[in-house]
Amino acid sequence: MIFSTLEHIFTHISFSIVSIVITIYLITLLVDEIVGLYDSSERGLIATFFCITGLLITRWIYSRHFPLSNLYESLIFLSWSFSVIHLVAYLKKNKNNLSAITAPSAIFIQGFATSGLLTKMHQSTILVPALQSQWLMMHVSMMVLGYAALLCGSLLSVALLVITFRKAITIFGKSTFLQNTSFISAGNYYKSQLIQQLDQWSYRVISLGFSFLTIGILSGAVWANEAWGSYWNWDPKETWAFITWTIFAIYLHTRTNPNLQGATSAIVASMGFLIIWICYFGVNLLGIGLHSYGSFILTST
């Protein structure tokens with residue numbers, strides 16, 4: 001009972017903090033001079049990290065297994081992964097505005113996980129035989145960390161495309177008045193710098209996520225061989241995981257060609273954003289295949 005209460009406390013505190021962080025961040029976008037607000041949002045996300053960590057540890061203790069056995073637990077872990085990505089960027093002591101991606105992602109995912117749609121999954125249950133393995137922590141944690149990093153990197157690429165598209169429109173429709181020349185040049189320079197920064201961060205985060213995804217797929221293949229006698233079975237989850245891996249392998253390959261860097265590679269990463277969600281939720285929605293133990297079941301009202 002006490003562990004369940006602690007879990008609810010950590011859940012509500014973390015959700016409230018992230019909500020406040022997003023509000024503060026929106027204010028800093030309008031009033032950039034208030035440095036204290038930006039620092040408060042950064043500390044808020046760090047506090048969120050510790051709250052979600054406490055939630056996962058509490059659930060781990062009273063359930064007596066690593067909390068990645070169903071969709072609810074994986075969503076909480078995904079939210080935690082976004083806060084980890086932000087914490088790593090924060091420790092580099094660079095104001096990279098990564099919280100514009102990590103904070104909304106964390107609150108959206110955690111809000112969905114704690115909604116009434118997944119009420120039946122909130123209660124911890126005994127692991128199904130397929131999950132009673134030492135590979136659970138290794139395989140699922142690497143996959144979810146990979147999803148988080150790839151989603152974050154893909155959103156950065158989407159932002160890059162939006163700014164690039166707006167820049168093209170601005171250049172096409174810019175005024176020819178001489179008094180506006182310096183203002184336009186300064187604006188274009190700032191946008192170019194921002195695009196370059198987004199491109200670099202997207203590449204770094206996606207590279208990290210691709211490494212996690214590769215480790216997750218390989219460890220999953222070993223686990224599948226132990227559980228089902230085959231390294232690969234081409235069920236829906238495995239198929240879409242392979243498609244996801246292929247898309248981001250193509251992205252990393254385009255990065256080796258200087259002519260394809262920037263908008264071209266960002267388009268590939270943006271496609272990957274949709275494919276990740278198909279891979280993550282597809283099997284849960286269909287409830288078929290060898291990975292159907294975490295099926296998405298709506299709670300009837």
# chains A, B, ... in the order shown; residues from 1 in each chain; ligands from 1
>>> residues_around(residues="Tyr203 in chain A", least_positions_apart="5", cutoff="10 Å", atoms="only C-alpha atoms", output="CSV table (one decimal) with N, CA, C and O atoms, in the first residue's frame")
chain,number,residue,atom,x,y,z
A,150,LEU,N,15.9,8.7,-30.7
A,150,LEU,CA,15.6,8.9,-32.1
A,150,LEU,C,14.4,9.8,-32.3
A,150,LEU,O,14.4,10.6,-33.2
A,153,GLY,N,15.8,13.4,-31.7
A,153,GLY,CA,16.6,13.8,-32.9
A,153,GLY,C,15.7,14.1,-34.1
A,153,GLY,O,16.0,15.0,-34.9
A,154,SER,N,14.7,13.2,-34.3
A,154,SER,CA,13.7,13.5,-35.4
A,154,SER,C,13.0,14.8,-35.3
A,154,SER,O,12.8,15.5,-36.2
A,156,LEU,N,14.0,17.4,-33.7
A,156,LEU,CA,15.0,18.5,-34.1
A,156,LEU,C,15.1,18.6,-35.6
A,156,LEU,O,15.2,19.8,-36.1
A,157,SER,N,15.1,17.5,-36.3
A,157,SER,CA,15.1,17.6,-37.8
A,157,SER,C,13.8,18.2,-38.3
A,157,SER,O,13.9,19.0,-39.3
A,197,GLN,N,23.0,24.6,-35.8
A,197,GLN,CA,23.0,24.0,-34.5
A,197,GLN,C,22.0,22.9,-34.4
A,197,GLN,O,22.3,21.8,-33.8
A,198,LEU,N,20.8,23.0,-35.0
A,198,LEU,CA,19.8,22.0,-35.0
A,198,LEU,C,20.3,20.8,-35.7
A,198,LEU,O,20.1,19.6,-35.3
A,208,LEU,N,23.3,8.6,-31.1
A,208,LEU,CA,23.2,7.9,-29.9
A,208,LEU,C,22.0,6.9,-29.9
A,208,LEU,O,22.2,5.8,-29.4
A,209,GLY,N,20.9,7.4,-30.3
A,209,GLY,CA,19.7,6.5,-30.4
A,209,GLY,C,19.9,5.3,-31.3
A,209,GLY,O,19.4,4.2,-31.0
A,251,TYR,N,19.7,7.6,-42.9
A,251,TYR,CA,20.0,8.9,-42.4
A,251,TYR,C,21.5,9.1,-42.1
A,251,TYR,O,22.1,10.1,-42.6
A,252,LEU,N,22.1,8.2,-41.4
A,252,LEU,CA,23.5,8.3,-41.0
A,252,LEU,C,24.4,8.2,-42.3
A,252,LEU,O,25.4,8.9,-42.3
A,255,ARG,N,24.5,11.5,-44.0
A,255,ARG,CA,25.4,12.5,-43.3
A,255,ARG,C,26.8,12.4,-43.7
A,255,ARG,O,27.6,13.3,-43.5
A,261,GLN,N,23.7,16.7,-46.5
A,261,GLN,CA,23.5,17.2,-45.1
A,261,GLN,C,22.5,18.3,-45.1
A,261,GLN,O,22.3,19.0,-46.1
A,262,GLY,N,21.9,18.5,-43.9
A,262,GLY,CA,21.0,19.6,-43.8
A,262,GLY,C,19.6,19.2,-44.0
A,262,GLY,O,19.1,18.2,-43.5
A,265,SER,N,18.9,15.2,-45.3
A,265,SER,CA,19.0,14.2,-44.2
A,265,SER,C,17.9,14.4,-43.2
A,265,SER,O,17.4,13.5,-42.6
A,266,ALA,N,17.5,15.7,-43.0
A,266,ALA,CA,16.4,16.0,-42.1
A,266,ALA,C,15.1,15.4,-42.5
A,266,ALA,O,14.3,15.0,-41.7
A,269,ALA,N,15.1,11.8,-41.5
A,269,ALA,CA,14.9,11.7,-40.0
A,269,ALA,C,13.4,12.0,-39.7
A,269,ALA,O,12.9,11.3,-38.8
>>> residues_around(residues="Trp240 in chain A", least_positions_apart="5", cutoff="8 Å", atoms="only C-alpha atoms", output="PyMOL selection string")
chain A and resi 275+278-279
>>> closest_residue(among="A:Leu260, A:Met143, A:Leu274, A:Leu75", to="Lys237 in chain A", atoms="only C-alpha atoms")
A:Met143
>>> atom_distance(atom1="CA of Ser16 in chain A", atom2="CA of Pro104 in chain A")
12.4 Å
>>> closest_atom_pairs(of="range 32-90 of chain A", to="range 132-135 of chain A", cutoff="10 Å", atoms="only C-alpha atoms", output="CSV")
residue,atom,partner,partner_atom,distance
A:His65,CA,A:Gln132,CA,8.8
A:Phe66,CA,A:Gln134,CA,9.7
A:Ser69,CA,A:Gln132,CA,9.7
>>> closest_residue(among="A:Ser63, A:Thr58, A:Ser83, A:Ser74", to="Arg43 in chain A", atoms="only C-alpha atoms")
A:Ser83
>>> atom_distance(atom1="CA of Ile52 in chain A", atom2="CA of Ser105 in chain A")
14.1 Å
>>> residues_around(residues="Ile13 in chain A", least_positions_apart="3", cutoff="8 Å", atoms="only C-alpha atoms", output="compact mmCIF listing (two decimals) with C-alpha atoms, in the first residue's frame")
# COMPACT_ATOMS: atom_id res chain seq x y z
CA ILE A 9 2.93 10.93 -5.32
CA PHE A 10 5.94 10.72 -7.65
CA SER A 16 3.05 19.01 -12.26
CA ILE A 17 6.70 20.05 -12.48
CA THR A 48 11.34 15.75 -12.94
CA CYS A 51 10.76 12.16 -9.47
>>> atom_distance(atom1="CA of Thr53 in chain A", atom2="CA of Ile20 in chain A")
18.8 Å
